[in-house]
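Visitor: Sharing a structure, written as C-alpha coordinates. Questions coming.
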Amino acid sequence: MRVTNAPASRERRRRRLELAKGFYGARSKLFRTATEAVDRAMRLSTEHRKLKKRDFRQLWIARVNAAARAEGMSYSKLIAGLTRAGVALNRKMLSEIAIKDPAGFKTIVEIAKNA
(Lines give C-alpha, C1' and ligand atoms only; values in the text may rest on other atoms or scores of the structure.)
Protein backbone atom coordinates (compact mmCIF):
# COMPACT_ATOMS: atom_id res chain seq x y z
CA MET A 1 0.00 0.00 0.00
CA ARG A 2 1.39 3.37 -1.05
CA VAL A 3 1.34 6.15 1.53
CA THR A 4 1.10 9.73 0.23
CA ASN A 5 1.75 12.98 1.95
CA ALA A 6 -1.52 14.36 0.53
CA PRO A 7 -3.25 15.53 3.72
CA ALA A 8 -0.12 17.35 4.93
CA SER A 9 0.65 19.02 1.60
CA ARG A 10 -3.00 19.98 1.11
CA GLU A 11 -3.01 21.58 4.58
CA ARG A 12 0.27 23.38 3.84
CA ARG A 13 -1.11 24.74 0.57
CA ARG A 14 -4.40 25.71 2.19
CA ARG A 15 -2.53 27.66 4.89
CA ARG A 16 -0.43 29.50 2.28
CA LEU A 17 -3.47 30.37 0.15
CA GLU A 18 -5.27 31.56 3.30
CA LEU A 19 -2.42 34.05 3.86
CA ALA A 20 -2.82 35.28 0.26
CA LYS A 21 -6.53 36.00 0.69
CA GLY A 22 -7.43 39.41 -0.69
CA PHE A 23 -4.48 39.52 -3.10
CA TYR A 24 -5.29 40.38 -6.72
CA GLY A 25 -5.97 37.72 -9.37
CA ALA A 26 -3.67 34.70 -9.54
CA ARG A 27 -1.78 35.92 -6.47
CA SER A 28 -4.64 34.62 -4.34
CA LYS A 29 -5.53 31.54 -6.43
CA LEU A 30 -2.40 29.77 -7.71
CA PHE A 31 -0.14 28.20 -5.14
CA ARG A 32 3.23 29.20 -6.54
CA THR A 33 2.23 32.78 -7.34
CA ALA A 34 0.55 33.08 -3.95
CA THR A 35 3.69 31.77 -2.22
CA GLU A 36 5.85 34.37 -3.94
CA ALA A 37 3.35 37.13 -3.13
CA VAL A 38 3.09 36.08 0.54
CA ASP A 39 6.88 35.83 0.91
CA ARG A 40 7.27 39.32 -0.49
CA ALA A 41 4.45 40.66 1.72
CA MET A 42 6.07 39.17 4.84
CA ARG A 43 9.46 40.61 3.93
CA LEU A 44 8.01 44.06 3.30
CA SER A 45 5.87 44.00 6.44
CA THR A 46 9.04 43.60 8.52
CA GLU A 47 10.71 46.46 6.66
CA HIS A 48 7.63 48.68 6.90
CA ARG A 49 7.28 48.19 10.64
CA LYS A 50 10.70 49.82 10.92
CA LEU A 51 9.84 52.55 8.40
CA LYS A 52 6.59 53.40 10.22
CA LYS A 53 8.57 54.56 13.26
CA ARG A 54 10.70 56.80 11.05
CA ASP A 55 7.65 58.22 9.25
CA PHE A 56 5.83 59.08 12.46
CA ARG A 57 8.85 60.79 13.98
CA GLN A 58 9.19 62.84 10.78
CA LEU A 59 5.50 63.83 11.02
CA TRP A 60 5.80 64.88 14.68
CA ILE A 61 8.88 66.97 13.95
CA ALA A 62 7.11 68.70 11.04
CA ARG A 63 4.13 69.53 13.27
CA VAL A 64 6.28 70.80 16.13
CA ASN A 65 8.34 72.88 13.70
CA ALA A 66 5.19 74.47 12.22
CA ALA A 67 3.81 75.26 15.68
CA ALA A 68 7.16 76.61 16.90
CA ARG A 69 7.52 78.87 13.85
CA ALA A 70 4.02 80.22 14.50
CA GLU A 71 5.40 81.27 17.90
CA GLY A 72 8.45 82.87 16.25
CA MET A 73 11.00 80.15 17.02
CA SER A 74 12.67 77.47 14.95
CA TYR A 75 12.36 73.76 15.77
CA SER A 76 16.05 73.30 16.51
CA LYS A 77 16.13 76.31 18.88
CA LEU A 78 13.00 75.01 20.63
CA ILE A 79 14.50 71.55 21.18
CA ALA A 80 17.83 73.02 22.29
CA GLY A 81 16.04 75.31 24.75
CA LEU A 82 13.94 72.47 26.15
CA THR A 83 17.03 70.30 26.58
CA ARG A 84 18.82 73.12 28.44
CA ALA A 85 15.74 73.69 30.61
CA GLY A 86 15.65 69.98 31.43
CA VAL A 87 12.17 69.47 29.98
CA ALA A 88 11.81 65.77 29.05
CA LEU A 89 9.01 65.82 26.45
CA ASN A 90 9.26 63.60 23.40
CA ARG A 91 8.34 64.73 19.86
CA LYS A 92 5.06 62.83 19.89
CA MET A 93 3.82 64.59 23.03
CA LEU A 94 5.07 67.98 21.83
CA SER A 95 3.12 67.55 18.58
CA GLU A 96 -0.03 66.49 20.48
CA ILE A 97 0.26 69.53 22.76
CA ALA A 98 0.83 71.80 19.74
CA ILE A 99 -2.37 70.52 18.11
CA LYS A 100 -4.71 70.15 21.08
CA ASP A 101 -3.48 72.83 23.50
CA PRO A 102 -1.94 75.86 21.73
CA ALA A 103 -1.84 77.87 24.99
CA GLY A 104 0.12 75.08 26.67
CA PHE A 105 2.49 74.94 23.72
CA LYS A 106 3.04 78.69 23.98
CA THR A 107 4.07 78.13 27.63
CA ILE A 108 6.54 75.44 26.54
CA VAL A 109 8.00 77.83 23.94
CA GLU A 110 8.44 80.46 26.65
CA ILE A 111 10.28 77.96 28.85
CA ALA A 112 12.59 77.14 25.91
CA LYS A 113 13.17 80.86 25.20
CA ASN A 114 14.12 81.58 28.82
CA ALA A 115 16.55 78.67 28.87
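Chain identifiers are assigned as A, B, and so on, following the order in which chains appear in the C-alpha coordinates; residues are numbered from 1 within each chain, and ligands are numbered from 1 in order of appearance.
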I'd like the neighbourhood of Arg63 (chain A) as number ranges by chain, where a residue qualifies if any of its atoms comes within 6 Å (using only C-alpha atoms), though same-chain residues fewer than 3 positions away should be ignored.

Guide: A: 60, 66, 95

Visitor: Could you please take those selected residues and save C-alpha atoms as a CSV table (one decimal), in the first residue's frame?

Guide:
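The resulting part.csv:
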```csv
chain,number,residue,atom,x,y,z
A,60,TRP,CA,5.8,64.9,14.7
A,66,ALA,CA,5.2,74.5,12.2
A,95,SER,CA,3.1,67.5,18.6
```

Visitor: Can you tell me, as a PDB file with N, CA and C atoms, in the first residue's frame, what residues are no more than 8 Å from Ala34 (chain A) when counting only C-alpha atoms, ignoring any on the same chain fewer than 4 positions away?

Guide:
```pdb
ATOM      1  N   ARG A  16      -1.115  28.480   3.083  1.00  0.00           N
ATOM      2  CA  ARG A  16      -0.430  29.501   2.285  1.00  0.00           C
ATOM      3  C   ARG A  16      -1.439  30.325   1.497  1.00  0.00           C
ATOM      4  N   LEU A  17      -2.453  29.651   0.922  1.00  0.00           N
ATOM      5  CA  LEU A  17      -3.473  30.370   0.152  1.00  0.00           C
ATOM      6  C   LEU A  17      -4.338  31.233   1.070  1.00  0.00           C
ATOM      7  N   ALA A  20      -2.769  34.449   1.474  1.00  0.00           N
ATOM      8  CA  ALA A  20      -2.818  35.277   0.256  1.00  0.00           C
ATOM      9  C   ALA A  20      -4.225  35.798  -0.031  1.00  0.00           C
ATOM     10  N   ALA A  26      -4.340  35.985  -9.762  1.00  0.00           N
ATOM     11  CA  ALA A  26      -3.670  34.704  -9.540  1.00  0.00           C
ATOM     12  C   ALA A  26      -2.898  34.676  -8.230  1.00  0.00           C
ATOM     13  N   ARG A  27      -2.566  35.853  -7.716  1.00  0.00           N
ATOM     14  CA  ARG A  27      -1.778  35.916  -6.473  1.00  0.00           C
ATOM     15  C   ARG A  27      -2.535  35.337  -5.293  1.00  0.00           C
ATOM     16  N   SER A  28      -3.872  35.212  -5.427  1.00  0.00           N
ATOM     17  CA  SER A  28      -4.642  34.620  -4.335  1.00  0.00           C
ATOM     18  C   SER A  28      -5.181  33.241  -4.710  1.00  0.00           C
ATOM     19  N   LYS A  29      -4.941  32.796  -5.961  1.00  0.00           N
ATOM     20  CA  LYS A  29      -5.530  31.539  -6.433  1.00  0.00           C
ATOM     21  C   LYS A  29      -4.492  30.439  -6.668  1.00  0.00           C
ATOM     22  N   LEU A  30      -3.394  30.782  -7.342  1.00  0.00           N
ATOM     23  CA  LEU A  30      -2.403  29.767  -7.713  1.00  0.00           C
ATOM     24  C   LEU A  30      -1.346  29.661  -6.632  1.00  0.00           C
ATOM     25  N   VAL A  38       3.107  36.098  -0.929  1.00  0.00           N
ATOM     26  CA  VAL A  38       3.089  36.081   0.538  1.00  0.00           C
ATOM     27  C   VAL A  38       4.495  36.297   1.087  1.00  0.00           C
TER      28      VAL A  38
END
```

Visitor: If you measure from CA of Arg69 (chain A) to CA of Ile97 (chain A), what distance in Å do you get, rounded to one decimal?

Guide: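 Going from CA of Arg69 (chain A) over to CA of Ile97 (chain A) covers 14.8 Å.
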
Visitor: Select, from A:Val87, A:Ala37, A:Ala115, A:Met1, the residue with the minimum atom-to-atom distance to Lys21 (chain A), counting only C-alpha atoms.

Guide: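 Closest to Lys21 (chain A), using only C-alpha atoms: A:Ala37.
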
Visitor: List every residue of chain A that DSSP, applied to the backbone, labels as alpha helix (DSSP H), and write the result as a PyMOL selection string.

Guide: chain A and resi 6-19+31-70+75-85+91-100+102-114

Visitor: May I have the residues within 12 Å of Lys106 (chain A) as a ChimeraX atom specification, using only C-alpha atoms and disregarding those fewer than 2 positions away in the same chain?

Guide: /A:64,67-73,78,94,97-104,108-113

Visitor: Go through A:Thr46, A:Thr4, A:Asn114, A:Thr33 and flag the residue nearest Arg84 (chain A), using only C-alpha atoms for the distances.

Guide: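 Ranked by minimum distance to Arg84 (chain A), first place goes to A:Asn114.
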
Visitor: For each of A:Phe23, A:Tyr75, A:Phe56, A:Phe105, take the minimum atom-to-atom distance to Glu36 (chain A), counting only C-alpha atoms, then give the residue where this is smallest.

Guide: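 Nearest to Glu36 (chain A): A:Phe23.
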
Visitor: Do you have the CA of Met93 (chain A)-CA of Ile61 (chain A) distance handy?

Guide: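 Interatomic distance, CA of Met93 (chain A) to CA of Ile61 (chain A): 10.7 Å.
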
Visitor: Tell me, as a ChimeraX atom specification, which residues lie within 12 Å of Arg12 (chain A), counting only C-alpha atoms; anything in the same chain fewer than 6 positions away does not count.

Guide: /A:5-6,18-19,31,35

Visitor: Rounded to one decimal place, report the CA of Ile79 (chain A)-CA of Arg49 (chain A) distance in Å.

Guide: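 Between CA of Ile79 (chain A) and CA of Arg49 (chain A) the gap works out to 26.6 Å.
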
Visitor: From the options A:Leu44, A:Lys77, A:Lys92, A:Tyr24, which residue's atoms come nearest to Ala62 (chain A), counting only C-alpha atoms?

Guide: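 Ranked by minimum distance to Ala62 (chain A), first place goes to A:Lys92.
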